[in-house]
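What follows is the content of query-v3.tsv (TSV, C-alpha atoms).
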chain	number	residue	atom	x	y	z
F	1	MET	CA	3.62	-27.42	-11.60
F	2	SER	CA	2.04	-27.32	-8.12
F	3	ASP	CA	-1.23	-25.56	-7.22
F	4	THR	CA	0.80	-22.91	-5.37
F	5	ASP	CA	2.83	-22.15	-8.50
F	6	ARG	CA	-0.33	-21.74	-10.56
F	7	GLU	CA	-1.96	-19.45	-7.99
F	8	LEU	CA	1.04	-17.15	-7.40
F	9	ARG	CA	0.07	-14.16	-9.52
F	10	VAL	CA	2.38	-11.55	-8.01
F	11	SER	CA	6.01	-12.46	-7.44
F	12	LYS	CA	7.60	-12.66	-3.99
F	13	ILE	CA	9.69	-9.75	-2.76
F	14	ARG	CA	12.96	-10.00	-0.86
F	15	ASN	CA	12.44	-7.04	1.53
F	16	GLY	CA	9.61	-4.55	1.83
F	17	THR	CA	5.90	-4.26	2.44
F	18	VAL	CA	2.96	-6.26	1.13
F	19	ILE	CA	-0.45	-4.63	1.41
F	20	ASP	CA	-2.96	-7.44	1.05
F	21	HIS	CA	-6.74	-7.81	1.16
F	22	LEU	CA	-7.43	-4.47	-0.50
F	23	ALA	CA	-10.92	-4.14	-1.92
F	24	ALA	CA	-10.88	-4.68	-5.68
F	25	GLY	CA	-10.05	-1.42	-7.44
F	26	GLN	CA	-8.14	0.18	-4.53
F	27	ALA	CA	-4.56	-0.67	-5.59
F	28	LEU	CA	-4.09	2.47	-7.68
F	29	ASN	CA	-5.44	4.64	-4.83
F	30	VAL	CA	-2.91	3.00	-2.50
F	31	LEU	CA	-0.09	3.76	-4.95
F	32	ALA	CA	-1.26	7.40	-5.11
F	33	LEU	CA	-1.36	7.55	-1.32
F	34	LEU	CA	2.21	6.27	-1.16
F	35	GLY	CA	3.31	8.77	-3.79
F	36	ILE	CA	4.35	6.02	-6.17
F	37	ASP	CA	3.90	6.99	-9.80
F	38	GLY	CA	6.76	5.10	-11.42
F	39	SER	CA	9.12	8.06	-11.62
F	40	GLY	CA	11.01	7.25	-8.41
F	41	GLY	CA	12.36	3.90	-9.54
F	42	GLU	CA	10.59	1.86	-6.85
F	43	SER	CA	10.09	-1.82	-7.61
F	44	VAL	CA	6.35	-2.39	-7.23
F	45	SER	CA	4.11	-5.35	-8.00
F	46	VAL	CA	0.36	-4.86	-8.28
F	47	GLY	CA	-2.34	-7.49	-8.53
F	48	MET	CA	-5.85	-6.27	-9.29
F	49	ASN	CA	-9.07	-8.26	-9.16
F	50	VAL	CA	-7.23	-11.34	-7.91
F	51	PRO	CA	-9.47	-14.19	-6.67
F	52	SER	CA	-9.85	-14.19	-2.88
F	53	ASP	CA	-11.66	-16.50	-0.47
F	54	LYS	CA	-12.29	-13.61	1.91
F	55	LEU	CA	-13.33	-10.83	-0.52
F	56	ALA	CA	-14.27	-12.72	-3.73
F	57	LYS	CA	-11.84	-10.40	-5.58
F	58	LYS	CA	-9.05	-8.32	-4.08
F	59	ASP	CA	-6.09	-6.13	-4.94
F	60	ILE	CA	-2.58	-6.56	-3.59
F	61	VAL	CA	0.39	-4.17	-3.63
F	62	LYS	CA	4.01	-5.15	-3.00
F	63	VAL	CA	6.63	-2.45	-2.55
F	64	GLU	CA	10.27	-3.51	-2.32
F	65	ASP	CA	12.68	-1.93	0.17
F	66	ARG	CA	10.06	0.26	1.85
F	67	GLU	CA	8.10	0.12	5.09
F	68	LEU	CA	5.09	2.36	5.59
F	69	SER	CA	5.08	5.34	7.96
F	70	GLN	CA	2.38	5.58	10.62
F	71	SER	CA	0.62	8.41	8.75
F	72	GLU	CA	0.53	6.25	5.60
F	73	VAL	CA	-0.93	3.37	7.61
F	74	ASP	CA	-3.52	5.70	9.17
F	75	VAL	CA	-4.92	6.93	5.87
F	76	LEU	CA	-4.66	3.44	4.40
F	77	ALA	CA	-6.94	2.32	7.24
F	78	VAL	CA	-9.55	4.78	6.00
F	79	ILE	CA	-9.48	3.78	2.32
F	80	ALA	CA	-8.85	0.07	2.97
F	81	PRO	CA	-10.02	-0.94	6.47
F	82	GLU	CA	-9.86	-4.67	5.67
F	83	ALA	CA	-6.25	-4.57	4.50
F	84	THR	CA	-3.36	-6.35	6.14
F	85	ILE	CA	0.24	-5.19	6.10
F	86	ASN	CA	3.02	-7.75	5.88
F	87	ILE	CA	6.64	-6.80	6.48
F	88	VAL	CA	8.98	-9.02	4.46
F	89	ARG	CA	12.68	-9.60	5.11
F	90	GLU	CA	14.77	-12.06	3.11
F	91	TYR	CA	11.58	-13.41	1.46
F	92	ASP	CA	9.94	-14.26	4.81
F	93	VAL	CA	6.98	-12.47	6.40
F	94	VAL	CA	8.40	-11.30	9.73
F	95	GLU	CA	5.41	-9.20	10.78
F	96	LYS	CA	1.76	-9.38	9.79
F	97	LYS	CA	-0.71	-6.87	11.13
F	98	ARG	CA	-4.26	-5.80	10.64
F	99	ILE	CA	-4.85	-2.11	10.19
F	100	ASP	CA	-6.51	-0.20	13.03
F	101	ARG	CA	-8.64	2.80	12.12
F	102	PRO	CA	-7.18	5.99	13.59
F	103	GLU	CA	-9.22	8.64	15.41
F	104	SER	CA	-8.04	11.25	12.91
F	105	VAL	CA	-5.88	11.72	9.80
F	106	ASP	CA	-3.70	14.78	9.26
F	107	GLY	CA	-2.42	16.34	6.05
F	108	VAL	CA	-3.32	13.59	3.61
F	109	LEU	CA	-6.76	14.67	2.39
F	110	SER	CA	-8.00	17.95	0.96
F	111	CYS	CA	-11.28	19.37	2.21
F	112	PRO	CA	-13.95	19.51	-0.51
F	113	ASN	CA	-15.39	22.72	1.00
F	114	ARG	CA	-13.70	25.49	-0.99
F	115	ASN	CA	-14.54	27.95	1.81
F	116	CYS	CA	-12.65	25.88	4.40
F	117	ILE	CA	-9.65	27.69	5.90
F	118	THR	CA	-7.44	24.78	4.77
F	119	ASN	CA	-8.18	25.76	1.14
F	120	ASP	CA	-7.19	29.38	1.70
F	121	ASP	CA	-3.58	30.46	1.47
F	122	GLU	CA	-3.10	29.79	5.18
F	123	PRO	CA	-0.34	27.44	6.39
F	124	ILE	CA	-2.81	24.97	7.94
F	125	ARG	CA	-2.68	21.20	7.47
F	126	THR	CA	-5.99	19.45	7.03
F	127	ARG	CA	-7.25	17.29	9.86
F	128	PHE	CA	-10.20	14.94	9.58
F	129	ALA	CA	-11.93	13.04	12.38
F	130	VAL	CA	-12.57	9.42	11.38
F	131	LEU	CA	-16.23	8.45	11.82
F	132	ASP	CA	-17.86	5.04	11.25
F	133	ASP	CA	-18.41	5.51	7.50
F	134	ALA	CA	-16.99	8.95	6.76
F	135	LEU	CA	-14.51	11.65	7.78
F	136	ARG	CA	-15.30	15.12	9.14
F	137	CYS	CA	-13.08	18.16	8.61
F	138	ASP	CA	-12.03	19.49	12.02
F	139	TYR	CA	-12.14	23.08	10.72
F	140	CYS	CA	-15.41	23.40	8.81
F	141	GLY	CA	-17.29	20.17	9.57
F	142	GLU	CA	-17.51	19.07	5.92
F	143	ILE	CA	-18.23	15.33	5.63
F	144	VAL	CA	-16.29	13.10	3.21
F	145	ARG	CA	-17.85	9.65	2.74
F	146	GLU	CA	-15.52	6.65	2.63
F	147	GLU	CA	-16.22	6.04	-1.05
F	148	GLU	CA	-15.15	9.66	-1.79
F	149	VAL	CA	-11.84	9.56	0.15
F	150	ALA	CA	-9.73	8.51	-2.83
F	151	THR	CA	-10.82	11.59	-4.81
F	152	HIS	CA	-9.64	13.86	-1.99
F	153	LEU	CA	-6.19	12.35	-1.43
F	154	ASP	CA	-3.68	15.18	-1.17
F	155	VAL	CA	-0.34	13.46	-1.62
F	156	ALA	CA	1.28	15.76	-4.16
What is this file in C-alpha cells?
Amino acid sequence: MSDTDRELRVSKIRNGTVIDHLAAGQALNVLALLGIDGSGGESVSVGMNVPSDKLAKKDIVKVEDRELSQSEVDVLAVIAPEATINIVREYDVVEKKRIDRPESVDGVLSCPNRNCITNDDEPIRTRFAVLDDALRCDYCGEIVREEEVATHLDVA
C-alpha cells in the first residue's frame, strides 16, 4: 500500500464539489448552509479533524453531482474564509479556486436583534455587510462576530 493510499481518508468523487481547507469543526455548518441533512439523498463525504500541513487539522466536504451557487459561496466565504472549492468532473479537478469574501450576504443569516425589521412579519430578506471580523445588519446595525455566524444561519 502506498503512502497516498494510507492518507486518503475521504473517497474520490466522480463529479461534484470538494470544499477543502475548512477549519476543524466547520464541516457540519457547511452541510447546514448547503441544506444537506441526509433526507435529500445526496451522496456526501465528510472528513473532520483530518491532519493538514496548512491548518494542523481541517475538515473537508465532498458533495457529488452538485456545484455551489454564488450565494452559497458568498456565505461560505464568511464562515470558512480559508476554504478552497474544487470542481470535479470524471474524477479530475477541473477548477480550483480560493474563496473571495463578498461585500455583503443576503438572505442566509438571521439577525440576532429581535427588534430588527427582518424579524417582524415583513417580507424583507436579511442583508449583512461583511466587515473584517464580523457582519453588520444593514437594517438595524446589529453586529454578528465571525465565530457566531454558524448559530445565525437561516437556511431552513
Legend entry - Among listed residues F:Asp53, F:Glu147, F:Glu64, F:Asp132, nearest F:Gly25 (using only C-alpha atoms):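 Distance minimum relative to F:Gly25 lands on F:Glu147.
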Legend entry - Nearby residues (only C-alpha atoms) at most 9 Å from F:Val130, same-chain spacing under 3 positions excluded, as a list in words: Val78, Arg101, Pro102, Glu103, Ser104, Val105, Asp133, Ala134, Leu135 and Arg136 of chain F
Residues as selected, C-alpha atoms, written as a PDB file, in the frame of the given file, can you do that?
ATOM      1  CA  VAL F  78      -9.550   4.780   6.000  1.00  0.00           C
ATOM      2  CA  ARG F 101      -8.640   2.800  12.120  1.00  0.00           C
ATOM      3  CA  PRO F 102      -7.180   5.990  13.590  1.00  0.00           C
ATOM      4  CA  GLU F 103      -9.220   8.640  15.410  1.00  0.00           C
ATOM      5  CA  SER F 104      -8.040  11.250  12.910  1.00  0.00           C
ATOM      6  CA  VAL F 105      -5.880  11.720   9.800  1.00  0.00           C
ATOM      7  CA  ASP F 133     -18.410   5.510   7.500  1.00  0.00           C
ATOM      8  CA  ALA F 134     -16.990   8.950   6.760  1.00  0.00           C
ATOM      9  CA  LEU F 135     -14.510  11.650   7.780  1.00  0.00           C
ATOM     10  CA  ARG F 136     -15.300  15.120   9.140  1.00  0.00           C
TER      11      ARG F 136
END
Legend entry - Shell of 8 Å around F:Ile79, all atoms listed in the file, local chain residues under 4 positions omitted, as a ChimeraX atom specification: /F:26,75,146-147,149-150
Inset, instruction - Can you work out which one of F:Gly40, F:Gly35, F:Pro123, F:Gly47 has the shortest atom-to-atom distance to F:Ala23, counting all atoms listed in the file? - result: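 Nearest candidate to F:Ala23 out of F:Gly40, F:Gly35, F:Pro123, F:Gly47: F:Gly47.
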Legend entry - Spatial neighbours of F:Gly107, max dist 10 Å, all atoms listed in the file, sep filter under 3 positions, as a ChimeraX atom specification: /F:71,75,110,118,124-128,153-155
Inset, instruction - Find the residue from F:Arg145, F:Arg89, F:Lys54, F:Lys96 that sits nearest to F:Gly16; use only C-alpha atoms when measuring. - result: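 Of F:Arg145, F:Arg89, F:Lys54, F:Lys96, the one nearest F:Gly16, counting only C-alpha atoms, is F:Arg89.
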